[in-house]
>>> print(open('target-v4.cif').read())   # mmCIF, C-alpha atoms
data_start
#
loop_
_atom_site.label_atom_id
_atom_site.label_comp_id
_atom_site.auth_asym_id
_atom_site.auth_seq_id
_atom_site.Cartn_x
_atom_site.Cartn_y
_atom_site.Cartn_z
CA MET A 184 -23.41 -21.21 -6.51
CA ARG A 185 -21.01 -22.84 -4.05
CA ALA A 186 -18.52 -23.46 -6.87
CA ILE A 187 -18.77 -19.85 -8.01
CA LYS A 188 -18.27 -18.60 -4.45
CA LEU A 189 -15.22 -20.84 -4.01
CA ALA A 190 -13.73 -19.63 -7.31
CA VAL A 191 -14.22 -15.99 -6.33
CA GLU A 192 -12.64 -16.53 -2.90
CA SER A 193 -9.67 -18.30 -4.50
CA ALA A 194 -9.20 -15.44 -6.96
CA ALA A 195 -9.43 -12.92 -4.12
CA ALA A 196 -6.79 -14.78 -2.10
CA PHE A 197 -4.53 -14.98 -5.16
CA THR A 198 -4.92 -11.23 -5.75
CA ARG A 199 -3.96 -10.51 -2.14
CA ARG A 200 -0.80 -12.56 -2.57
CA LEU A 201 0.13 -10.71 -5.78
CA LEU A 202 -0.36 -7.36 -4.05
CA LEU A 203 1.79 -8.50 -1.15
CA LEU A 204 4.59 -9.67 -3.45
CA SER A 205 4.49 -6.39 -5.38
CA ARG A 206 4.59 -4.47 -2.05
CA ARG A 207 1.36 -2.65 -2.89
CA LYS A 208 -0.53 -4.20 0.00
CA VAL A 209 -0.02 -2.71 3.43
CA LEU A 210 0.18 -5.44 6.08
CA ALA A 211 -2.64 -5.15 8.58
CA PRO A 212 -2.31 -7.43 11.64
CA GLN A 213 -5.72 -8.29 13.06
CA ARG A 214 -7.61 -11.17 14.64
CA THR A 215 -7.07 -13.97 12.11
CA ASP A 216 -8.30 -17.57 12.23
CA LEU A 217 -5.42 -19.84 11.21
CA ASN A 218 -7.85 -22.62 10.27
CA GLU A 219 -9.72 -20.31 7.91
CA VAL A 220 -6.47 -19.24 6.25
CA MET A 221 -5.51 -22.89 5.87
CA THR A 222 -8.90 -23.83 4.43
CA SER A 223 -8.89 -20.97 1.91
CA LEU A 224 -5.46 -22.08 0.65
CA THR A 225 -6.27 -25.77 0.33
CA LEU A 226 -6.91 -25.83 -3.42
CA LEU A 227 -3.82 -23.74 -4.17
CA LEU A 228 -1.63 -25.89 -1.94
CA LYS A 229 -2.86 -29.10 -3.56
CA LYS A 230 -1.99 -27.70 -6.96
CA ALA A 231 1.41 -26.58 -5.68
CA VAL A 232 2.39 -30.02 -4.37
CA GLY A 233 1.13 -31.95 -7.39
CA GLU A 234 -0.63 -35.28 -7.71
CA ASP A 235 2.28 -37.32 -6.34
CA VAL A 236 1.96 -35.80 -2.88
CA MET A 237 -0.96 -36.70 -0.62
CA MET A 238 -1.87 -33.77 1.60
CA GLU A 239 -3.61 -34.43 4.92
CA LEU A 240 -5.17 -31.72 7.09
CA ASP A 241 -5.79 -32.03 10.83
CA LEU A 242 -7.27 -28.70 11.90
CA THR A 243 -8.36 -28.47 15.52
CA PRO A 244 -11.92 -27.07 15.79
CA GLY A 245 -12.31 -23.95 17.90
CA LEU A 246 -8.64 -23.11 17.53
CA GLY A 247 -9.22 -19.42 18.17
CA PRO A 248 -7.60 -16.45 16.41
CA VAL A 249 -4.06 -15.11 16.42
CA ILE A 250 -3.00 -11.51 15.79
CA ALA A 251 -1.51 -11.58 12.28
CA ASP A 252 -1.94 -10.41 8.73
CA ALA A 253 -3.60 -13.21 6.73
CA SER A 254 -1.21 -12.60 3.83
CA GLU A 255 1.76 -13.24 6.13
CA LEU A 256 0.28 -16.54 7.28
CA GLU A 257 -0.40 -17.51 3.67
CA GLN A 258 3.22 -16.77 2.82
CA VAL A 259 4.43 -18.93 5.71
CA LEU A 260 2.25 -21.85 4.61
CA LEU A 261 3.21 -21.59 0.95
CA ASN A 262 6.93 -21.54 1.72
CA LEU A 263 6.76 -24.54 4.05
CA VAL A 264 4.56 -26.57 1.70
CA ILE A 265 6.72 -25.88 -1.35
CA ASN A 266 9.83 -26.88 0.61
CA ALA A 267 8.08 -30.10 1.65
CA ARG A 268 7.16 -30.84 -1.95
CA ASP A 269 10.75 -30.34 -3.08
CA ALA A 270 11.90 -32.75 -0.36
CA MET A 271 9.67 -35.49 -1.83
CA PRO A 272 10.62 -35.72 -5.53
CA ALA A 273 9.11 -39.21 -5.74
CA GLY A 274 5.95 -38.23 -3.87
CA GLY A 275 4.80 -38.97 -0.34
CA LYS A 276 2.58 -37.66 2.43
CA LEU A 277 2.40 -34.07 3.63
CA ALA A 278 0.59 -33.48 6.93
CA ILE A 279 -0.55 -30.04 8.09
CA ALA A 280 -1.99 -29.70 11.59
CA THR A 281 -3.12 -26.94 13.92
CA ARG A 282 -3.72 -27.19 17.67
CA ARG A 283 -3.65 -25.29 20.94
CA LEU A 284 -1.15 -26.46 23.49
CA GLU A 285 0.02 -25.54 26.95
CA LEU A 286 3.75 -24.98 27.45
CA ASP A 287 5.16 -25.51 30.91
CA ARG A 288 7.93 -23.24 32.13
CA GLU A 289 10.73 -25.62 31.23
CA THR A 290 9.53 -26.35 27.68
CA ALA A 291 8.75 -22.69 27.04
CA GLY A 292 12.19 -21.67 28.29
CA VAL A 293 13.89 -23.99 25.79
CA ARG A 294 12.08 -22.21 22.97
CA GLY A 295 12.59 -18.75 24.42
CA LEU A 296 8.87 -18.27 25.09
CA GLU A 297 6.63 -17.66 28.07
CA ALA A 298 4.75 -20.52 29.68
CA GLY A 299 1.06 -20.68 28.83
CA THR A 300 -1.27 -21.29 25.89
CA TRP A 301 0.05 -21.20 22.33
CA VAL A 302 -1.33 -21.90 18.85
CA GLU A 303 0.76 -24.39 16.86
CA LEU A 304 1.02 -24.89 13.12
CA ARG A 305 2.92 -28.06 12.20
CA VAL A 306 3.97 -29.05 8.67
CA THR A 307 5.43 -32.55 8.32
CA ASP A 308 6.72 -34.38 5.24
CA GLU A 309 8.10 -37.84 4.46
CA GLY A 310 10.96 -36.45 2.40
CA ILE A 311 14.70 -36.89 2.27
CA GLY A 312 15.34 -35.02 5.52
CA ILE A 313 17.95 -32.40 6.38
CA GLU A 314 21.56 -33.06 7.35
CA PRO A 315 22.44 -31.86 10.89
CA GLU A 316 25.12 -29.48 9.57
CA VAL A 317 22.59 -27.92 7.21
CA ARG A 318 19.78 -27.75 9.76
CA ASP A 319 21.61 -25.10 11.80
CA HIS A 320 21.65 -22.69 8.84
CA ILE A 321 18.30 -23.13 7.11
CA PHE A 322 16.80 -19.90 8.51
CA GLU A 323 19.75 -17.77 7.41
CA PRO A 324 19.12 -15.37 4.51
CA PHE A 325 20.43 -16.59 1.13
CA PHE A 326 21.34 -20.01 2.50
CA THR A 327 20.01 -22.74 0.22
CA THR A 328 20.85 -26.26 -0.83
CA LYS A 329 18.88 -25.91 -4.05
CA ASP A 330 20.24 -25.06 -7.46
CA ALA A 331 20.59 -21.32 -8.12
CA SER A 332 17.90 -21.53 -10.82
CA VAL A 333 15.41 -22.98 -8.29
CA GLY A 334 16.02 -21.40 -4.89
CA THR A 335 17.00 -17.96 -3.63
CA GLY A 336 17.61 -18.87 0.00
CA LEU A 337 14.99 -16.38 1.17
CA GLY A 338 11.97 -18.65 1.71
CA LEU A 339 12.70 -19.99 5.19
CA SER A 340 14.39 -16.79 6.34
CA THR A 341 11.19 -14.95 5.40
CA VAL A 342 9.15 -17.51 7.35
CA TYR A 343 11.44 -17.06 10.35
CA GLY A 344 11.13 -13.28 10.20
CA ILE A 345 7.33 -13.37 10.01
CA VAL A 346 7.01 -15.82 12.89
CA ARG A 347 9.35 -13.85 15.13
CA GLN A 348 7.53 -10.62 14.28
CA LEU A 349 4.32 -12.27 15.47
CA GLY A 350 5.97 -12.98 18.80
CA GLY A 351 6.27 -16.68 18.08
CA ASP A 352 8.92 -19.30 17.46
CA ILE A 353 9.75 -21.86 14.77
CA GLN A 354 11.69 -25.08 15.20
CA VAL A 355 12.60 -27.90 12.85
CA GLU A 356 13.00 -31.61 13.53
CA SER A 357 14.48 -33.81 10.80
CA GLU A 358 16.04 -37.19 10.21
CA LEU A 359 17.80 -38.20 7.01
CA GLY A 360 15.57 -40.40 4.92
CA ARG A 361 12.62 -40.08 7.31
CA GLY A 362 11.30 -36.59 6.73
CA THR A 363 11.09 -33.16 8.32
CA SER A 364 8.66 -31.42 10.64
CA PHE A 365 8.37 -27.66 11.17
CA SER A 366 6.64 -26.49 14.35
CA ILE A 367 5.47 -22.87 14.55
CA LEU A 368 4.12 -21.46 17.80
CA MET A 369 2.11 -18.23 17.84
CA PRO A 370 0.47 -16.47 20.79
CA PRO A 371 -3.34 -16.63 20.73
CA ALA A 372 -5.23 -13.38 20.37
CA PRO A 373 -6.66 -11.95 23.60
CA GLY A 374 -10.36 -12.41 24.35
CA VAL A 375 -12.93 -10.95 21.98
CA ASP A 376 -13.43 -7.27 22.70
CA GLU A 377 -16.51 -5.20 21.97
CA ALA A 378 -15.17 -4.00 18.61
CA ALA A 379 -14.59 -7.56 17.48
CA ARG A 380 -18.05 -8.57 18.68
CA ALA A 381 -19.53 -5.79 16.56
CA LEU A 382 -17.77 -7.12 13.48
CA ILE A 383 -18.88 -10.69 14.14
CA ALA A 384 -22.48 -9.77 14.86
CA ALA A 385 -25.07 -9.71 12.11
CA PRO A 386 -25.06 -6.34 10.36
CA LYS A 387 -27.61 -3.67 11.06
CA ALA A 388 -27.30 -2.76 7.40
CA ARG A 389 -30.77 -1.51 6.62
CA GLY A 390 -31.40 2.20 6.33
CA LYS A 391 -33.14 4.92 4.38
CA GLU A 392 -30.25 7.34 3.84
CA THR A 393 -29.00 8.54 0.46
CA LEU A 394 -25.70 7.07 -0.75
CA LEU A 395 -23.56 8.20 -3.68
CA VAL A 396 -21.60 5.27 -5.17
CA VAL A 397 -18.68 6.09 -7.47
CA ASP A 398 -16.75 3.44 -9.43
CA ASP A 399 -15.40 3.43 -12.98
CA GLU A 400 -16.27 -0.28 -13.37
CA PRO A 401 -19.96 -0.61 -14.34
CA ALA A 402 -20.22 -4.18 -13.01
CA VAL A 403 -18.89 -3.20 -9.58
CA ARG A 404 -21.00 -0.05 -9.51
CA ASN A 405 -24.19 -1.93 -10.33
CA LEU A 406 -23.48 -4.72 -7.86
CA LEU A 407 -23.00 -2.23 -5.04
CA SER A 408 -26.18 -0.47 -6.08
CA GLN A 409 -28.21 -3.68 -6.04
CA PHE A 410 -27.04 -4.72 -2.60
CA LEU A 411 -27.42 -1.30 -0.98
CA GLY A 412 -30.79 -0.73 -2.65
CA ARG A 413 -32.09 -3.98 -1.17
CA GLN A 414 -31.08 -2.67 2.26
CA GLY A 415 -33.45 0.27 1.85
CA TYR A 416 -30.94 2.96 0.88
CA GLU A 417 -31.51 5.42 -1.94
CA VAL A 418 -28.49 4.95 -4.21
CA LEU A 419 -27.08 7.48 -6.68
CA LEU A 420 -24.49 6.20 -9.17
CA ALA A 421 -21.52 7.90 -10.83
CA GLY A 422 -18.88 6.48 -13.15
CA ASP A 423 -16.19 9.03 -12.29
CA GLY A 424 -15.32 12.00 -10.10
CA PRO A 425 -16.80 14.81 -12.20
CA GLU A 426 -20.13 12.97 -12.49
CA ALA A 427 -20.15 12.47 -8.71
CA LEU A 428 -19.48 16.17 -8.07
CA ALA A 429 -22.31 17.06 -10.47
CA HIS A 430 -24.66 14.81 -8.48
CA LEU A 431 -23.66 16.56 -5.27
CA THR A 432 -24.15 20.01 -6.76
CA GLU A 433 -27.57 19.16 -8.20
CA ARG A 434 -28.80 17.06 -5.29
CA GLY A 435 -27.68 19.46 -2.58
CA ARG A 436 -27.00 16.78 0.03
CA VAL A 437 -26.21 13.08 0.38
CA ASP A 438 -25.51 11.09 3.55
CA LEU A 439 -22.50 9.02 2.44
CA LEU A 440 -20.01 8.96 -0.43
CA ILE A 441 -18.72 5.49 -1.37
CA SER A 442 -15.87 5.78 -3.85
CA ASP A 443 -13.24 3.57 -5.41
CA MET A 444 -9.74 4.88 -4.69
CA LEU A 445 -8.07 4.40 -8.07
CA MET A 446 -10.06 5.86 -10.96
CA PRO A 447 -8.99 7.59 -14.18
CA GLY A 448 -8.76 11.33 -13.92
CA LEU A 449 -9.76 11.85 -10.29
CA ARG A 450 -8.71 9.54 -7.44
CA GLY A 451 -11.14 8.70 -4.68
CA ASP A 452 -9.29 10.62 -1.97
CA ARG A 453 -9.11 13.74 -4.15
CA LEU A 454 -12.80 13.35 -5.00
CA ALA A 455 -13.58 13.16 -1.27
CA ALA A 456 -11.73 16.43 -0.65
CA LEU A 457 -13.56 18.23 -3.48
CA ALA A 458 -16.90 16.75 -2.40
CA ARG A 459 -16.38 18.13 1.09
CA ASP A 460 -15.87 21.57 -0.39
CA ILE A 461 -19.50 21.21 -1.48
CA GLN A 462 -20.75 19.43 1.65
CA SER A 463 -18.35 19.83 4.58
CA ASP A 464 -19.87 17.14 6.80
CA LEU A 465 -19.99 14.47 4.08
CA ARG A 466 -19.17 10.98 5.34
CA VAL A 467 -16.80 9.00 3.13
CA LEU A 468 -16.09 5.30 2.56
CA LEU A 469 -13.11 4.65 0.28
CA ILE A 470 -12.72 1.18 -1.26
CA SER A 471 -9.77 -0.31 -3.10
CA GLY A 472 -7.61 -3.39 -3.56
CA ASN A 473 -4.58 -1.14 -3.03
CA ASN A 474 -4.46 -0.43 0.69
CA LYS A 475 -2.84 2.99 0.35
CA SER A 476 -6.03 4.47 1.61
CA GLY A 477 -5.85 8.21 1.10
CA ASP A 478 -4.74 9.47 4.49
CA ALA A 479 -5.73 13.05 3.73
CA ALA A 480 -9.34 12.04 3.15
CA LEU A 481 -9.46 9.82 6.22
CA GLU A 482 -7.97 12.48 8.51
CA SER A 483 -10.78 14.94 7.83
CA ALA A 484 -13.03 16.06 10.66
CA ALA A 485 -16.00 14.35 9.00
CA PRO A 486 -16.35 10.58 9.56
CA ALA A 487 -14.46 8.47 7.02
CA ALA A 488 -13.25 4.90 6.65
CA PHE A 489 -11.42 2.60 4.26
CA LEU A 490 -12.59 -0.85 3.12
CA GLY A 491 -10.05 -3.06 1.38
CA LYS A 492 -11.10 -5.20 -1.56
CA PRO A 493 -12.15 -7.93 -1.73
CA PHE A 494 -14.92 -7.52 0.84
CA SER A 495 -18.17 -9.33 1.53
CA THR A 496 -21.64 -7.80 1.59
CA LEU A 497 -21.54 -8.34 5.36
CA GLU A 498 -18.42 -6.18 5.65
CA LEU A 499 -19.83 -3.54 3.32
CA GLY A 500 -23.14 -3.38 5.18
CA ASN A 501 -21.40 -3.05 8.53
CA ALA A 502 -19.00 -0.36 7.27
CA VAL A 503 -21.83 1.72 5.79
CA ARG A 504 -23.98 1.44 8.87
CA ARG A 505 -21.13 2.27 11.27
CA LEU A 506 -20.28 5.46 9.35
CA LEU A 507 -23.91 6.57 9.17
CA ASP A 508 -24.45 5.94 12.88
CA ILE A 509 -21.50 8.02 14.08
CA ARG A 510 -22.67 11.11 15.92
CA VAL A 511 -20.82 14.31 15.14
#
>>> encode(input="target-v4.cif", output="structure tokens")
Amino acid sequence: MRAIKLAVESAAAFTRRLLLLSRRKVLAPQRTDLNEVMTSLTLLLKKAVGEDVMMELDLTPGLGPVIADASELEQVLLNLVINARDAMPAGGKLAIATRRLELDRETAGVRGLEAGTWVELRVTDEGIGIEPEVRDHIFEPFFTTKDASVGTGLGLSTVYGIVRQLGGDIQVESELGRGTSFSILMPPAPGVDEAARALIAAPKARGKETLLVVDDEPAVRNLLSQFLGRQGYEVLLAGDGPEALAHLTERGRVDLLISDMLMPGLRGDRLAALARDIQSDLRVLLISGNNKSGDAALESAAPAAFLGKPFSTLELGNAVRRLLDIRV
């Protein structure tokens, strides 16, 4: 079961990266644990560096979150690790570390930052190093020392842009023949607020309301039905929009519509609009791996929310319960 769970999480992370690269995933900065991102990428990174490179992790426990999109942090890590691999054609050691550190005013001023607490990600290799004249240009777009068939010159410039957008800083230290170390500083997220505590807390997922679940994939539909049924909900199932509308017409009333966004014939947001013509106060939860979430449906007066795939049963249970508990 642990192996299956790990495989599913790896596939989910890979899907997120594909969506990001195809620009179909909307970036959503939120409280993100850098250690968790690092851990979820471990298998992929080990495959990326190959068997000749020994990868060592030194992740500080209790690091605390930063405000970032997990996909952005994954992109930063992948770029730095692939660069480190390319700098060690004969193999070597790659060290990845995270820590919290305090910057005094003088040190912070050198890096153009404010004094205080920062979260550091450091990636260090034992590679060939970078010449001083090259080091000054490595974050420039389209600058590369690699062959045109291998590098585009956008990897490190992308890393630089992401880090600066997060309000952080990146610096490089390198010595020819003795390796390179990239240090990224990011501001820690502010203290946990009540909304974050609600997400972290165990879900109050049980209920007795009636839910209408709509998804054109039978496996997904049945899985949602099994989980929600075990939480005490009465679950109605539909394989497409017209079947869902027929359920609403015949049933007269349901408490919550849970619909996939992208379905043949009738999209989830359009289904939500038509369903509210039948039941104006219908609560709606749209789910999809494509984070274009149907703004028209979400802007309705009735409570609505969007849940991006992949999601856990904890996230689903919390989302359902929060929508049902909203007073209107």
>>> resolve_selection(input="target-v4.cif", expression="the PyMOL selection byres ((chain A and resi 502) around 12)", output="MDAnalysis selection string")
chainID A and resid 381:382 386:389 411 439 441 466:470 486:491 494:501 503:509
>>> closest_residue(input="target-v4.cif", among="A:Glu400, A:Glu426, A:Glu257, A:Asp464", to="Met446 (chain A)", atoms="all atoms listed in the file")
A:Glu400
>>> residues_around(input="target-v4.cif", residues="Gln258 (chain A)", least_positions_apart="3", cutoff="8 Å", atoms="all atoms listed in the file", output="count of residues only")
6
>>> atom_distance(input="target-v4.cif", atom1="CA of Arg434 (chain A)", atom2="CA of Glu392 (chain A)")
13.4 Å
>>> residues_around(input="target-v4.cif", residues="Thr225 (chain A)", least_positions_apart="3", cutoff="12 Å", atoms="all atoms listed in the file", output="list in words")
Leu189, Glu192, Ser193, Ala196, Asn218, Glu219, Val220, Met221, Thr222, Leu228, Lys229, Lys230, Ala231, Val232, Met238, Glu239, Leu240, Leu242, Glu257, Leu260, Leu261, Val264 and Ile279 of chain A
>>> closest_residue(input="target-v4.cif", among="A:Ala267, A:Asp241, A:Gly292, A:Leu339", to="His320 (chain A)", atoms="all atoms listed in the file")
A:Leu339
>>> atom_distance(input="target-v4.cif", atom1="CA of Ala280 (chain A)", atom2="CA of Arg305 (chain A)")
5.2 Å
>>> residues_around(input="target-v4.cif", residues="Gly344 (chain A)", least_positions_apart="6", cutoff="10 Å", atoms="all atoms listed in the file", output="list in words")
Val259, Phe322, Gly351, Asp352 and Ile353 of chain A
>>> closest_residue(input="target-v4.cif", among="A:Pro493, A:Pro315, A:Gly390, A:Gly424", to="Leu449 (chain A)", atoms="only C-alpha atoms")
A:Gly424
>>> atom_distance(input="target-v4.cif", atom1="CA of Thr281 (chain A)", atom2="CA of Gly299 (chain A)")
16.7 Å
>>> residues_around(input="target-v4.cif", residues="Arg318 (chain A)", least_positions_apart="2", cutoff="12 Å", atoms="all atoms listed in the file", output="PyMOL selection string")
chain A and resi 312-316+320-323+326-328+339+354-359+363-365
>>> residues_around(input="target-v4.cif", residues="Gly245 (chain A)", least_positions_apart="4", cutoff="10 Å", atoms="all atoms listed in the file", output="count of residues only")
4
>>> resolve_selection(input="target-v4.cif", expression="the PyMOL selection byres ((chain A and resi 273) around 12)", output="list in words")
Val232, Gly233, Glu234, Asp235, Val236, Met237, Ala267, Arg268, Asp269, Ala270, Met271, Pro272, Gly274, Gly275, Lys276, Glu309, Gly310 and Ile311 of chain A
>>> resolve_selection(input="target-v4.cif", expression="the PyMOL selection byres ((chain A and resi 396) around 9)", output="compact mmCIF listing (two decimals) with C-alpha atoms, in the coordinates of the input")
# COMPACT_ATOMS: atom_id res chain seq x y z
CA LEU A 394 -25.70 7.07 -0.75
CA LEU A 395 -23.56 8.20 -3.68
CA VAL A 397 -18.68 6.09 -7.47
CA ASP A 398 -16.75 3.44 -9.43
CA ARG A 404 -21.00 -0.05 -9.51
CA LEU A 407 -23.00 -2.23 -5.04
CA SER A 408 -26.18 -0.47 -6.08
CA VAL A 418 -28.49 4.95 -4.21
CA LEU A 419 -27.08 7.48 -6.68
CA LEU A 420 -24.49 6.20 -9.17
CA ALA A 421 -21.52 7.90 -10.83
CA GLY A 422 -18.88 6.48 -13.15
CA ALA A 427 -20.15 12.47 -8.71
CA LEU A 439 -22.50 9.02 2.44
CA LEU A 440 -20.01 8.96 -0.43
CA ILE A 441 -18.72 5.49 -1.37
CA SER A 442 -15.87 5.78 -3.85
CA ASP A 443 -13.24 3.57 -5.41
>>> closest_residue(input="target-v4.cif", among="A:Leu226, A:Ala372, A:Ala194, A:Leu284", to="Gln213 (chain A)", atoms="only C-alpha atoms")
A:Ala372
